[in-house]
Structures are given as C-alpha cells and as structure tokens.
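**Q** target_30.txt is reproduced below (compact mmCIF, C-alpha atoms).
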# COMPACT_ATOMS: atom_id res chain seq x y z
CA MET A 813 0.00 0.00 0.00
CA LEU A 814 1.25 3.49 -0.71
CA ARG A 815 2.10 5.54 2.35
CA SER A 816 1.57 9.21 2.89
CA THR A 817 4.59 11.44 2.68
CA ALA A 818 2.99 14.02 5.00
CA SER A 819 5.34 14.93 7.81
CA VAL A 820 4.30 15.12 11.45
CA GLY A 821 5.18 17.45 14.33
CA GLY A 822 5.52 20.90 12.78
CA ASP A 823 2.77 20.20 10.31
CA ALA A 824 0.21 19.53 13.03
CA GLU A 825 -1.31 23.00 12.64
CA ARG A 826 -1.47 22.69 8.85
CA GLU A 827 -3.06 19.30 9.34
CA GLU A 828 -5.76 20.86 11.51
CA GLU A 829 -6.42 23.59 8.94
CA GLN A 830 -6.65 21.04 6.17
CA GLU A 831 -9.00 19.06 8.31
CA ASP A 832 -11.23 22.13 8.53
CA GLU A 833 -11.28 22.31 4.76
CA GLY A 834 -12.21 18.66 4.47
CA ASP A 835 -8.83 17.79 3.05
CA GLU A 836 -8.12 15.14 5.63
CA ASP A 837 -9.13 12.53 3.14
CA LEU A 838 -6.05 13.34 1.17
CA ARG A 839 -4.23 11.34 3.80
CA ASP A 840 -6.66 8.57 4.57
CA GLY A 841 -4.67 6.59 7.07
CA GLY A 842 -1.51 7.21 5.10
CA VAL A 843 -2.95 6.18 1.73
CA PRO A 844 -3.08 9.01 -0.82
CA PHE A 845 -6.51 9.99 -1.90
CA PHE A 846 -7.73 12.43 -4.52
CA VAL A 847 -10.63 14.87 -4.62
CA ASN A 848 -12.48 15.70 -7.81
CA ARG A 849 -12.60 19.45 -8.23
CA SER A 850 -13.64 19.45 -11.86
CA GLY A 851 -17.34 18.89 -11.31
CA LEU A 852 -19.35 16.24 -13.15
CA PRO A 853 -18.72 14.70 -15.54
CA LEU A 854 -15.11 14.43 -14.35
CA ASN A 855 -12.73 16.17 -16.71
CA ALA A 856 -10.17 14.12 -18.60
CA GLU A 857 -7.31 14.98 -16.24
CA THR A 858 -9.21 13.92 -13.13
CA TRP A 859 -10.59 10.84 -14.84
CA ASP A 860 -7.16 9.67 -15.99
CA ARG A 861 -5.70 10.40 -12.57
CA MET A 862 -8.34 8.18 -10.99
CA TRP A 863 -7.40 5.28 -13.23
CA ARG A 864 -3.66 5.81 -12.77
CA HIS A 865 -4.16 5.73 -9.01
CA VAL A 866 -6.10 2.48 -9.32
CA GLY A 867 -3.31 1.04 -11.44
CA ARG A 868 -0.83 1.83 -8.70
CA ILE A 869 -2.79 0.36 -5.80
CA HIS A 870 -4.48 -2.68 -7.30
CA PRO A 871 -2.38 -5.87 -7.58
CA GLU A 872 -3.57 -6.32 -11.18
CA GLY A 873 -2.31 -2.84 -12.04
CA ASP A 874 -3.53 -1.39 -15.31
CA ALA A 875 -5.45 -4.55 -16.18
CA VAL A 876 -8.33 -3.25 -14.08
CA ALA A 877 -8.65 -0.12 -16.18
CA LYS A 878 -8.29 -2.09 -19.42
CA ARG A 879 -11.15 -4.35 -18.36
CA ILE A 880 -13.54 -1.59 -17.41
CA ARG A 881 -12.76 1.49 -19.53
CA GLY A 882 -14.72 1.34 -22.71
CA ALA A 883 -16.35 -2.00 -21.81
CA ILE A 884 -19.72 -2.41 -23.51
CA ASP A 885 -21.28 -4.84 -21.07
CA LEU A 886 -21.09 -2.92 -17.82
CA PRO A 887 -24.08 -3.52 -15.54
CA LYS A 888 -26.66 -0.78 -15.28
CA ILE A 889 -26.70 0.59 -11.75
CA PRO A 890 -30.13 1.89 -10.76
CA ILE A 891 -30.32 5.28 -9.15
CA PRO A 892 -31.57 4.79 -5.58
CA SER A 893 -34.79 6.52 -4.63
CA VAL A 894 -34.65 9.20 -2.01
CA PRO A 895 -36.99 8.31 0.86
CA THR A 896 -39.90 10.73 1.03
CA TYR A 897 -42.88 10.93 3.34
CA GLN A 898 -46.22 12.60 3.24
CA PRO A 899 -47.01 14.63 6.36
CA SER A 900 -50.06 12.46 6.92
CA THR A 901 -48.06 9.23 7.19
CA THR A 902 -47.41 7.74 10.58
CA THR A 903 -43.91 6.49 9.84
CA SER A 904 -41.89 6.81 13.02
CA ILE A 905 -38.69 8.76 13.31
CA PRO A 906 -36.54 5.62 13.74
CA GLN A 907 -38.10 4.11 10.62
CA ARG A 908 -37.44 7.25 8.63
CA LEU A 909 -33.84 7.33 9.80
CA GLU A 910 -33.44 3.68 8.81
CA ALA A 911 -34.77 4.51 5.36
CA ILE A 912 -32.33 7.40 5.04
CA GLN A 913 -29.48 5.15 6.10
CA ARG A 914 -30.54 2.55 3.51
CA TYR A 915 -30.44 5.24 0.86
CA ILE A 916 -26.95 6.34 1.92
CA ARG A 917 -25.79 2.72 1.93
CA ASP A 918 -27.27 2.14 -1.55
CA LEU A 919 -24.95 4.81 -2.94
CA GLN A 920 -22.08 2.59 -1.67
CA TYR A 921 -18.88 3.46 0.06
CA ASN A 922 -16.39 4.96 -2.35
CA HIS A 923 -13.37 2.67 -2.64
CA THR A 924 -12.10 4.10 -5.93
CA GLY A 925 -9.49 6.39 -4.36
CA THR A 926 -11.07 9.52 -5.82
CA GLN A 927 -13.70 11.46 -3.91
CA PHE A 928 -16.25 12.76 -6.38
CA PHE A 929 -17.76 15.64 -4.43
CA GLU A 930 -15.63 18.36 -2.91
CA ILE A 931 -16.71 19.29 0.59
CA LYS A 932 -15.22 22.39 2.14
CA LYS A 933 -16.26 22.29 5.77
CA SER A 934 -16.06 26.04 6.17
CA ARG A 935 -18.67 26.73 3.51
CA PRO A 936 -22.08 28.00 4.58
CA LEU A 937 -24.78 25.43 5.14
CA THR A 938 -26.71 26.54 2.06
CA ALA A 939 -23.73 25.75 -0.17
CA LEU A 940 -23.26 22.34 1.44
CA MET A 941 -26.96 21.59 0.90
CA ASP A 942 -26.50 22.35 -2.80
CA ILE A 943 -23.74 19.74 -2.85
CA ALA A 944 -26.12 17.30 -1.16
CA LYS A 945 -28.64 17.88 -3.93
CA GLU A 946 -25.91 17.21 -6.48
CA MET A 947 -24.98 13.98 -4.68
CA ILE A 948 -28.59 12.84 -4.95
CA LYS A 949 -28.84 13.81 -8.60
CA GLU A 950 -25.55 12.22 -9.68
CA ALA A 951 -25.86 9.17 -7.39
CA LEU A 952 -22.21 8.17 -7.09
CA PRO A 953 -20.31 6.36 -4.32
CA ILE A 954 -19.49 8.57 -1.36
CA LYS A 955 -17.26 8.70 1.69
CA CYS A 956 -17.94 9.58 5.30
CA LEU A 957 -17.91 13.38 5.14
CA GLU A 958 -20.18 13.39 2.10
CA ALA A 959 -22.55 11.06 3.93
CA VAL A 960 -22.73 13.53 6.82
CA ILE A 961 -23.70 16.36 4.48
CA LEU A 962 -26.26 14.12 2.80
CA GLY A 963 -27.63 13.03 6.16
CA ILE A 964 -28.12 16.64 7.17
CA TYR A 965 -29.98 17.38 3.97
CA LEU A 966 -32.23 14.35 4.24
CA THR A 967 -33.19 15.12 7.84
CA ASN A 968 -33.82 18.85 7.40
CA ASN A 969 -37.54 18.18 7.19
CA MET A 970 -37.55 16.44 10.58
CA PRO A 971 -37.60 19.29 13.08
CA THR A 972 -37.69 17.01 16.13
CA VAL A 973 -34.45 15.34 15.02
CA GLU A 974 -31.32 17.21 16.03
CA ARG A 975 -28.11 16.49 14.11
CA PHE A 976 -24.54 17.13 15.10
CA PRO A 977 -21.19 16.13 13.62
CA LEU A 978 -19.31 13.44 15.51
CA SER A 979 -15.78 12.76 14.39
CA PHE A 980 -13.10 10.36 15.52
CA LYS A 981 -9.36 10.35 15.33
CA THR A 982 -7.83 6.93 15.80
CA GLN A 983 -4.47 5.34 15.60
CA PHE A 984 -3.51 2.06 14.00
CA SER A 985 0.00 0.82 13.58
CA GLY A 986 1.57 4.26 13.75
CA SER A 987 -0.86 5.91 11.31
CA GLN A 988 -3.70 8.24 12.13
CA PHE A 989 -7.17 7.84 10.78
CA ARG A 990 -10.11 10.19 10.75
CA HIS A 991 -13.75 9.35 10.43
CA ILE A 992 -16.98 11.24 10.83
CA VAL A 993 -20.63 10.35 11.30
CA LEU A 994 -23.77 12.42 11.79
CA GLY A 995 -24.88 12.16 15.40
CA ILE A 996 -28.64 12.15 15.87
CA HIS A 997 -30.56 13.19 18.98
CA SER A 998 -34.30 12.73 19.08
CA GLY A 999 -36.89 11.75 21.65
CA GLY A 1000 -34.26 11.58 24.37
CA ARG A 1001 -32.18 9.04 22.48
CA PHE A 1002 -28.98 9.19 20.48
CA GLY A 1003 -28.03 7.47 17.27
CA ALA A 1004 -26.06 8.17 14.11
CA LEU A 1005 -26.17 8.14 10.33
CA GLY A 1006 -23.16 7.71 8.12
CA ILE A 1007 -21.08 5.51 5.89
CA SER A 1008 -17.88 3.60 6.48
CA ARG A 1009 -15.91 0.68 5.18
CA ARG A 1010 -16.89 -1.05 8.42
CA GLU A 1011 -20.49 -1.92 9.18
CA ASP A 1012 -20.31 -1.02 12.86
CA LEU A 1013 -18.66 2.35 12.35
CA MET A 1014 -21.57 4.01 10.62
CA TYR A 1015 -25.28 3.73 11.38
CA LYS A 1016 -26.36 3.47 14.97
CA PRO A 1017 -30.07 3.15 15.78
CA LEU A 1018 -31.76 5.74 17.94
CA GLU A 1019 -31.34 3.68 21.08
CA PHE A 1020 -28.53 5.18 23.11
CA LYS A 1021 -29.60 7.00 26.25
CA THR A 1022 -26.57 9.29 26.44
CA LEU A 1023 -23.91 10.68 24.16
CA ALA A 1024 -21.36 8.82 26.26
CA GLU A 1025 -23.05 5.53 25.46
CA LEU A 1026 -22.99 6.35 21.74
CA VAL A 1027 -19.30 7.27 21.83
CA ALA A 1028 -18.53 4.13 23.85
CA GLU A 1029 -20.29 2.11 21.17
CA TYR A 1030 -17.95 3.49 18.51
CA GLN A 1031 -14.92 3.07 20.74
CA GLY A 1032 -15.80 -0.59 21.21
CA ALA A 1033 -16.29 -1.02 17.48
CA TYR A 1034 -12.90 0.52 16.76
CA GLN A 1035 -11.22 -1.92 19.11
CA GLY A 1036 -12.50 -4.73 16.92
CA TYR A 1037 -10.30 -3.34 14.16
CA TRP A 1038 -7.26 -2.76 16.37
CA HIS A 1039 -7.81 0.99 16.18
CA THR A 1040 -7.24 3.03 19.33
CA LEU A 1041 -9.51 6.01 19.74
CA ARG A 1042 -7.41 9.11 20.40
CA LYS A 1043 -9.76 12.06 19.95
CA VAL A 1044 -13.45 12.70 19.65
CA LYS A 1045 -14.70 15.96 18.19
CA ILE A 1046 -18.32 16.87 18.56
CA GLY A 1047 -20.08 19.76 16.93
CA GLN A 1048 -23.19 21.69 17.69
CA TYR A 1049 -26.71 21.02 16.44
CA VAL A 1050 -27.01 21.88 12.77
CA SER A 1051 -29.73 24.25 11.62
CA HIS A 1052 -32.70 22.71 9.79
CA ASP A 1053 -32.84 25.69 7.46
CA PRO A 1054 -31.33 24.55 4.13
CA HIS A 1055 -30.81 28.20 3.13
CA SER A 1056 -28.94 29.15 6.28
CA VAL A 1057 -25.64 30.95 5.70
CA GLU A 1058 -24.21 29.83 9.00
CA GLN A 1059 -21.29 27.45 9.06
CA ILE A 1060 -21.52 24.03 10.62
CA GLU A 1061 -19.72 24.01 13.92
CA TRP A 1062 -17.66 20.83 13.60
CA LYS A 1063 -15.79 20.83 16.87
CA HIS A 1064 -17.47 22.55 19.77
CA SER A 1065 -15.82 19.96 22.02
CA VAL A 1066 -12.51 18.30 21.31
CA LEU A 1067 -11.94 15.45 23.72
CA ASP A 1068 -8.54 13.84 24.12
CA VAL A 1069 -9.63 10.33 25.01
CA ASP A 1070 -6.07 9.39 25.96
CA LYS A 1071 -5.95 11.91 28.73
CA LEU A 1072 -9.41 11.46 30.18
CA SER A 1073 -10.57 8.81 32.56
CA LYS A 1074 -13.82 7.09 31.69
CA GLU A 1075 -15.67 9.22 34.24
CA GLU A 1076 -14.11 12.46 32.97
CA LEU A 1077 -15.05 11.55 29.42
CA ARG A 1078 -18.60 10.83 30.48
CA ARG A 1079 -18.81 14.19 32.27
CA GLU A 1080 -17.42 16.08 29.28
CA LEU A 1081 -19.90 14.40 26.98
CA GLU A 1082 -22.71 15.24 29.38
CA ARG A 1083 -21.57 18.83 29.37
CA HIS A 1084 -21.49 18.84 25.62
CA THR A 1085 -25.02 17.48 25.52
CA ARG A 1086 -26.14 20.37 27.72
CA ASP A 1087 -24.25 22.82 25.51
CA MET A 1088 -25.97 21.47 22.44
CA ARG A 1089 -29.37 21.70 24.04
CA LEU A 1090 -28.75 25.22 25.24
CA LYS A 1091 -26.92 26.15 22.03
CA ILE A 1092 -24.02 27.67 23.96
CA GLY A 1093 -21.69 29.26 21.48
CA LYS A 1094 -21.79 31.88 18.75
CA ALA A 1095 -25.21 33.28 17.90
CA ALA A 1096 -26.28 31.86 14.56
CA PRO A 1097 -27.08 34.38 11.82
CA SER A 1098 -30.43 33.85 10.14
CA SER A 1099 -30.67 33.06 6.44
CA PRO A 1100 -30.93 36.14 4.24
CA THR A 1101 -34.30 35.40 2.66
CA LYS A 1102 -36.20 33.89 5.54
CA ASP A 1103 -36.31 35.10 9.13
CA ARG A 1104 -35.98 31.70 10.73
CA LYS A 1105 -35.44 31.03 14.40
CA THR A 1106 -33.24 28.16 15.40
CA GLY A 1107 -34.95 25.13 16.85
CA SER A 1108 -33.68 25.65 20.38
CA PRO A 1109 -33.75 29.04 22.08
CA LEU A 1110 -30.37 30.70 22.30
CA ARG A 1111 -29.25 31.08 25.87
CA ASN A 1112 -26.59 33.56 26.89
CA PRO A 1113 -25.57 34.43 23.37
CA GLY A 1114 -22.86 36.63 24.74
CA SER A 1115 -21.13 33.93 26.71
CA PRO A 1116 -17.89 32.65 25.25
CA MET A 1117 -17.80 29.37 23.41
CA ARG A 1118 -17.09 26.60 25.82
CA ARG A 1119 -14.50 24.18 24.70
CA ASN A 1120 -12.89 21.46 26.60
CA SER A 1121 -9.30 22.51 27.15
CA ARG A 1122 -6.63 20.64 28.95
CA SER A 1123 -5.80 23.65 31.15
CA ASP A 1124 -9.37 23.73 32.45
CA ARG A 1125 -9.31 20.16 33.52
CA ARG A 1126 -8.14 19.19 36.94
CA PRO A 1127 -5.52 16.49 36.71
CA SER A 1128 -7.18 13.21 37.31
CA GLY A 1129 -5.94 11.24 40.32
CA ASP A 1130 -6.28 8.02 38.42
CA LYS A 1131 -4.23 8.26 35.28
CA LYS A 1132 -5.43 6.08 32.50
CA SER A 1133 -3.10 3.20 31.95
CA MET A 1134 -1.27 3.36 28.67
CA GLU A 1135 -2.99 1.57 25.84
CA PRO A 1136 -1.14 -1.57 24.81
CA LYS A 1137 0.88 -0.98 21.67
CA PRO A 1138 -1.25 -1.87 18.67
CA PRO A 1139 -0.15 -4.95 16.81
CA SER A 1140 2.08 -4.12 13.90
CA ASP A 1141 0.48 -4.41 10.50
CA LEU A 1142 1.50 -7.29 8.34
CA ASN A 1143 2.59 -6.79 4.74
CA GLY A 1144 1.87 -3.04 4.95
CA TYR A 1145 -1.94 -3.39 5.01
CA GLN A 1146 -3.67 -0.76 7.07
CA ILE A 1147 -7.18 -1.29 8.34
CA ARG A 1148 -8.94 1.82 7.20
CA VAL A 1149 -12.38 2.66 8.43
CA MET B 496 -36.17 41.94 -49.08
CA GLU B 497 -32.74 42.72 -47.75
CA SER B 498 -33.91 43.50 -44.22
CA ALA B 499 -35.95 40.29 -44.22
CA SER B 500 -32.90 38.19 -45.10
CA ARG B 501 -30.90 40.01 -42.42
CA LYS B 502 -33.53 39.06 -39.91
CA GLU B 503 -33.34 35.43 -41.12
CA LYS B 504 -29.59 35.16 -40.47
CA PRO B 505 -29.62 36.01 -36.71
CA LYS B 506 -32.60 33.66 -36.35
CA GLN B 507 -30.64 30.83 -38.03
CA ARG B 508 -27.60 31.60 -35.86
CA ASP B 509 -29.75 31.42 -32.71
CA THR B 510 -31.22 28.10 -33.79
CA SER B 511 -27.81 26.60 -34.59
CA THR B 512 -26.37 27.87 -31.28
CA ARG B 513 -29.31 26.38 -29.42
CA GLY B 514 -28.85 23.19 -31.37
CA ASP B 515 -25.15 23.07 -30.52
CA ARG B 516 -25.89 23.70 -26.89
CA ALA B 517 -28.48 20.93 -26.84
CA LYS B 518 -26.00 18.55 -28.49
CA GLN B 519 -23.33 19.53 -25.98
CA LYS B 520 -25.74 18.96 -23.11
CA THR B 521 -26.68 15.54 -24.47
CA ALA B 522 -23.02 14.66 -24.88
CA GLN B 523 -22.31 15.73 -21.29
CA GLN B 524 -25.20 13.63 -20.02
CA GLU B 525 -24.01 10.61 -21.96
CA LEU B 526 -20.51 11.06 -20.63
CA LYS B 527 -21.86 11.28 -17.10
CA HIS B 528 -23.85 8.09 -17.54
CA ARG B 529 -20.83 6.33 -18.98
CA GLN B 530 -18.59 7.52 -16.18
CA ARG B 531 -21.13 6.45 -13.57
CA ALA B 532 -21.27 2.95 -14.99
CA GLU B 533 -17.48 2.69 -15.02
CA ILE B 534 -17.19 4.16 -11.53
CA TYR B 535 -19.53 1.57 -10.07
CA ALA B 536 -17.77 -1.23 -11.95
CA LEU B 537 -14.46 0.03 -10.55
CA ASN B 538 -15.95 0.41 -7.08
CA LYS B 539 -17.03 -3.22 -7.14
CA VAL B 540 -13.48 -4.32 -7.97
CA MET B 541 -11.93 -2.09 -5.30
CA THR B 542 -14.50 -3.11 -2.69
CA GLU B 543 -13.67 -6.75 -3.31
CA LEU B 544 -9.96 -6.02 -3.06
CA GLU B 545 -10.45 -4.21 0.24
CA GLN B 546 -12.55 -7.07 1.60
CA GLN B 547 -9.97 -9.67 0.57
CA GLN B 548 -7.13 -7.72 2.13
CA PHE B 549 -9.10 -7.12 5.29
CA GLU B 550 -10.03 -10.78 5.70
CA ALA B 551 -6.47 -11.90 5.03
CA PHE B 552 -5.18 -9.41 7.58
CA CYS B 553 -7.68 -10.52 10.22
CA LYS B 554 -6.69 -14.18 9.67
CA ARG B 555 -3.02 -13.33 10.11
CA MET B 556 -3.74 -11.36 13.26
CA GLN B 557 -5.76 -14.20 14.69
CA SER B 558 -3.10 -16.80 13.93
CA LYS B 559 -0.48 -14.47 15.39
CA GLY B 560 -2.55 -14.21 18.55
CA GLU B 561 -2.74 -17.99 18.80
Please re-express this file's structure in structure tokens.

**A**
Amino acid sequence: MLRSTASVGGDAEREEEQEDEGDEDLRDGGVPFFVNRSGLPLNAETWDRMWRHVGRIHPEGDAVAKRIRGAIDLPKIPIPSVPTYQPSTTTSIPQRLEAIQRYIRDLQYNHTGTQFFEIKKSRPLTALMDIAKEMIKEALPIKCLEAVILGIYLTNNMPTVERFPLSFKTQFSGSQFRHIVLGIHSGGRFGALGISRREDLMYKPLEFKTLAELVAEYQGAYQGYWHTLRKVKIGQYVSHDPHSVEQIEWKHSVLDVDKLSKEELRRELERHTRDMRLKIGKAAPSSPTKDRKTGSPLRNPGSPMRRNSRSDRRPSGDKKSMEPKPPSDLNGYQIRV
Amino acid sequence: MESASRKEKPKQRDTSTRGDRAKQKTAQQELKHRQRAEIYALNKVMTELEQQQFEAFCKRMQSKGE
C-alpha cells in the first residue's frame, strides 16, 4: 500500500487547517486519496488520474482499467430513490432514519481512491446543501464526510431530530485515521447516520440514552479493528434551514480520550449534551431570505464558546493506563475505516 | 427583401447555437452516464480487493494471537 509522505510534528497546525477544509481525506490513514474538483462529468485529467491511481494500488495494475474502460457490457446501476414521506403518514422517526441510512448505503462506500464531491467544511450550510442535492442527482459512491452532508440534507424536514457532527481520530500501527458520522438526537435518544468501510462504524439506531453511550459504542467497534480512539470531536446542532448561511460548527468539544478517565469523558460528553441543548456558542445568523429562528432558544448568546481545554481540567488522580501498543500491520496493510 | 434576409440570419444563428448547446448537453449527459457505470464497476473491484485484504489481515492477526 502506498504511504503518505505528509510529515508530522511541525505540520500539526497545517493538518488541523486542512481538516477544517475537508482535506483530511487526502491522507486517509496514510494512503493518498484524490478529490475531484472538476465537477461532473469528471474532466479528462481527473478521470485519468483516478485510473492511474487504481493502477498503482491494485495488484492487477492497469489490467483493471483495461477491463472496465470502454467496456460495452457494464451492468446498469439503478439510481436509488430518495426516501420521502407525506405529512399524513405515521412512519416513526426511527423508521425514517433507517430509510435514510438505507439510501446512503445504496450509494455505496467509495473505494475508488477519488472522492467525487468536494466538501469544504467552512462553507455556509446553504452551499453544502447544494452539494447534497448534487450527490442525490448524480448518485455516485461517497465517503464519510459526504454522507454527513447528505444526512443533514435528508433530515432537514424532521424538526424534532437534532443532528450534530461526531468525528473520531484513531491510531492504528503508527498511522492516524479520521472518520466522521452524523450524530442524531431525538426523543431523548442518540443514534447516528453515516457511511464507512466497516459496518459497525456508521449507522447506529436511535437507542442510546446518552452521548457517552454512543461514543462508547464506537470506541468498542474501533477496538474490533485494532484501532485506538485518540480524539473525539463533537459539533453543535445543525440548523434545519437549508438556506442558512451559518457554518456548521464541527468541533465545539474536542476530547482527548487518551488523557481522560472514563468518568471524565462521560462528564465532558454530558456537558457537551447540555451545551448542544442550550446552544451555547456563537449566535447563529439567520438566512438572508427567511427570518428563521433556530430550533432551540439561544441562551446567553454573549457567553464565550465553551471548549474542553486541557488547562481547564483538573488532573485526574487516576491516570489512565497506557494503551497496549497496537499490533504491527503485516505486509503493509492498514485497516482503514 | 434585404432586411428580411438580415432578420433570417440572426434567427438561423440562434437556432444553430441552441442546437449546438443541446447537443453539448446531451453529450455531457451521456458522458456522465458512462462515467457512472465505469465508476460503479471500478468500485465493485476495489470493494472486493479491500474485503480480501481485510479478511487476510484478520486471519493473520488471529493466527499471530494464537
């Protein structure tokens, strides 16, 4: 497998900035990854690059491209139908979320090595919703960040369902991996929508009583793949207004799992849950055309954004024991998620 | 007569431009459909590769553990 040439240490800040722009996929666990910036259809340069990349990473090399490019007997892939509901129907929220997850899954996880939709995380919500509409129209395989944007779009018409970004930074065999899902909070329960290479690192039904339980569920799933969870980043509730010009807040809380005891982690997640409910943070600007109020009332809009910082935390008396060193990978294969 | 023929020419130009645009749009759509079919065919191959590598890795890890 190809390895990333990105350096560490001094480039940590650049890495964080790139992460904000959604460029973290360029270093997906050390394996180079490309983003299509030419729109659709892909231009010749991007298209050829995709196939060259495949030729480099697949054991059969260029034979894969020779078999597929220009083939006349390729199967016809139906375009999945977007789940829709009439207001009069009595379909429950969990059922609707399941249907949305099925739709996301039907698009398939993108294993090609080229991401087809460019997601800049700093763009206003309205722009990201336009990309979601394009994803639906073009119906191509997607990766985790695209699935989050799509999940937001498909749940905008469910005002009792709150959505928030939930991202994970893990370590496996010396490489770092990032993954993101769309946390869901509705009816006093937590769940998630998303897509991943791994079945248990995406959808979670609306069954978890606390955010801590949901995060623990992912942490347990990661262990099954020899990944150690290092950081959890949780955003704020996302507006249901598809025309909103506000930005998604991706990391209202950044939790260093390494440095927190289980109890401290639980408390931080509880605090974050309260923050989300009370919408503690920057006041959200309304969309230009419609005077919409956010779902939850803004409390103390002038209070500073609360973020978990290491200096604020009292040192825990019980230090977490060091995680056992992850087993070394064999033959260079990295378990990506 | 002359002014009538002058009016004809811009009309013909508009029609041919519209025609070209429609052809271009059709060509773009066809290219998109073609690319989509190839992308999903490629994704199937790469998904299978990933699955094979993952299963082989898990087997090695398990035998290493034993």

**Q** Measuring between all atoms listed in the file, which one of A:Arg864, A:Arg1009, A:Arg1086, A:Lys932 shows the shortest distance to chain B?

**A**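 With all atoms listed in the file as the atom set, the closest residue is A:Arg1009.
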
**Q** Each residue of chain B with at least one atom at most 6 Å from chain A should appear once, together with its nearest atom pair and the corresponding distance in Å (one decimal); atoms considered: only C-alpha atoms; ordering: chain, then increasing residue number; output as a Markdown table.

**A**
| residue | atom | partner | partner_atom | distance |
| --- | --- | --- | --- | --- |
| B:Lys527 | CA | A:Pro853 | CA | 4.9 |
| B:Asn538 | CA | A:Thr924 | CA | 5.5 |
| B:Met541 | CA | A:His923 | CA | 5.6 |
| B:Thr542 | CA | A:His923 | CA | 5.9 |

**Q** Would you mind reading off the distance between atom CA of B:Phe549 and atom CA of A:Glu1011, one decimal, in Å?

**A**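 Separation of atom CA of B:Phe549 and atom CA of A:Glu1011: 13.1 Å.
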
**Q** Interatomic distance between atom CA of B:Lys518 and atom CA of A:Lys945?

**A** 24.7 Å

**Q** Quick one: pull the distance between atom CA of A:Ile912 and atom CA of A:Leu966, Å, one decimal.

**A** 7.0 Å

**Q** Looking at all atoms listed in the file, which of A:Arg1042, A:Arg908, A:Lys1016, A:Arg914 is the one that sits closest to A:Asn969?

**A**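 Distance minimum relative to A:Asn969 lands on A:Arg908.
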
**Q** Select all residues near (-40.6, 5.2, 15.6) (cut-off 12 Å, inclusive, file coordinates), counting only C-alpha atoms, and output them as a list in words.

**A**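 Counting only C-alpha atoms, I find these residues within 12 Å of (-40.6, 5.2, 15.6): Thr901, Thr902, Thr903, Ser904, Ile905, Pro906, Gln907, Arg908, Leu909, Glu910, Ala911, Val973, Ser998, Gly999, Arg1001, Pro1017, Leu1018 and Glu1019 of chain A.
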
**Q** Hey, which of A:Ile1007, A:Ser934, A:Lys955, A:Phe928 ends up closest to B:Ile534? Count only C-alpha atoms.

**A** A:Phe928

**Q** Considering only C-alpha atoms, state which residue in the set A:Asp840, A:Glu930, A:Glu1061, A:Glu958 is at the smallest distance from A:Lys1091.

**A**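 Looking only at the distances to A:Lys1091, the closest residue turns out to be A:Glu1061.
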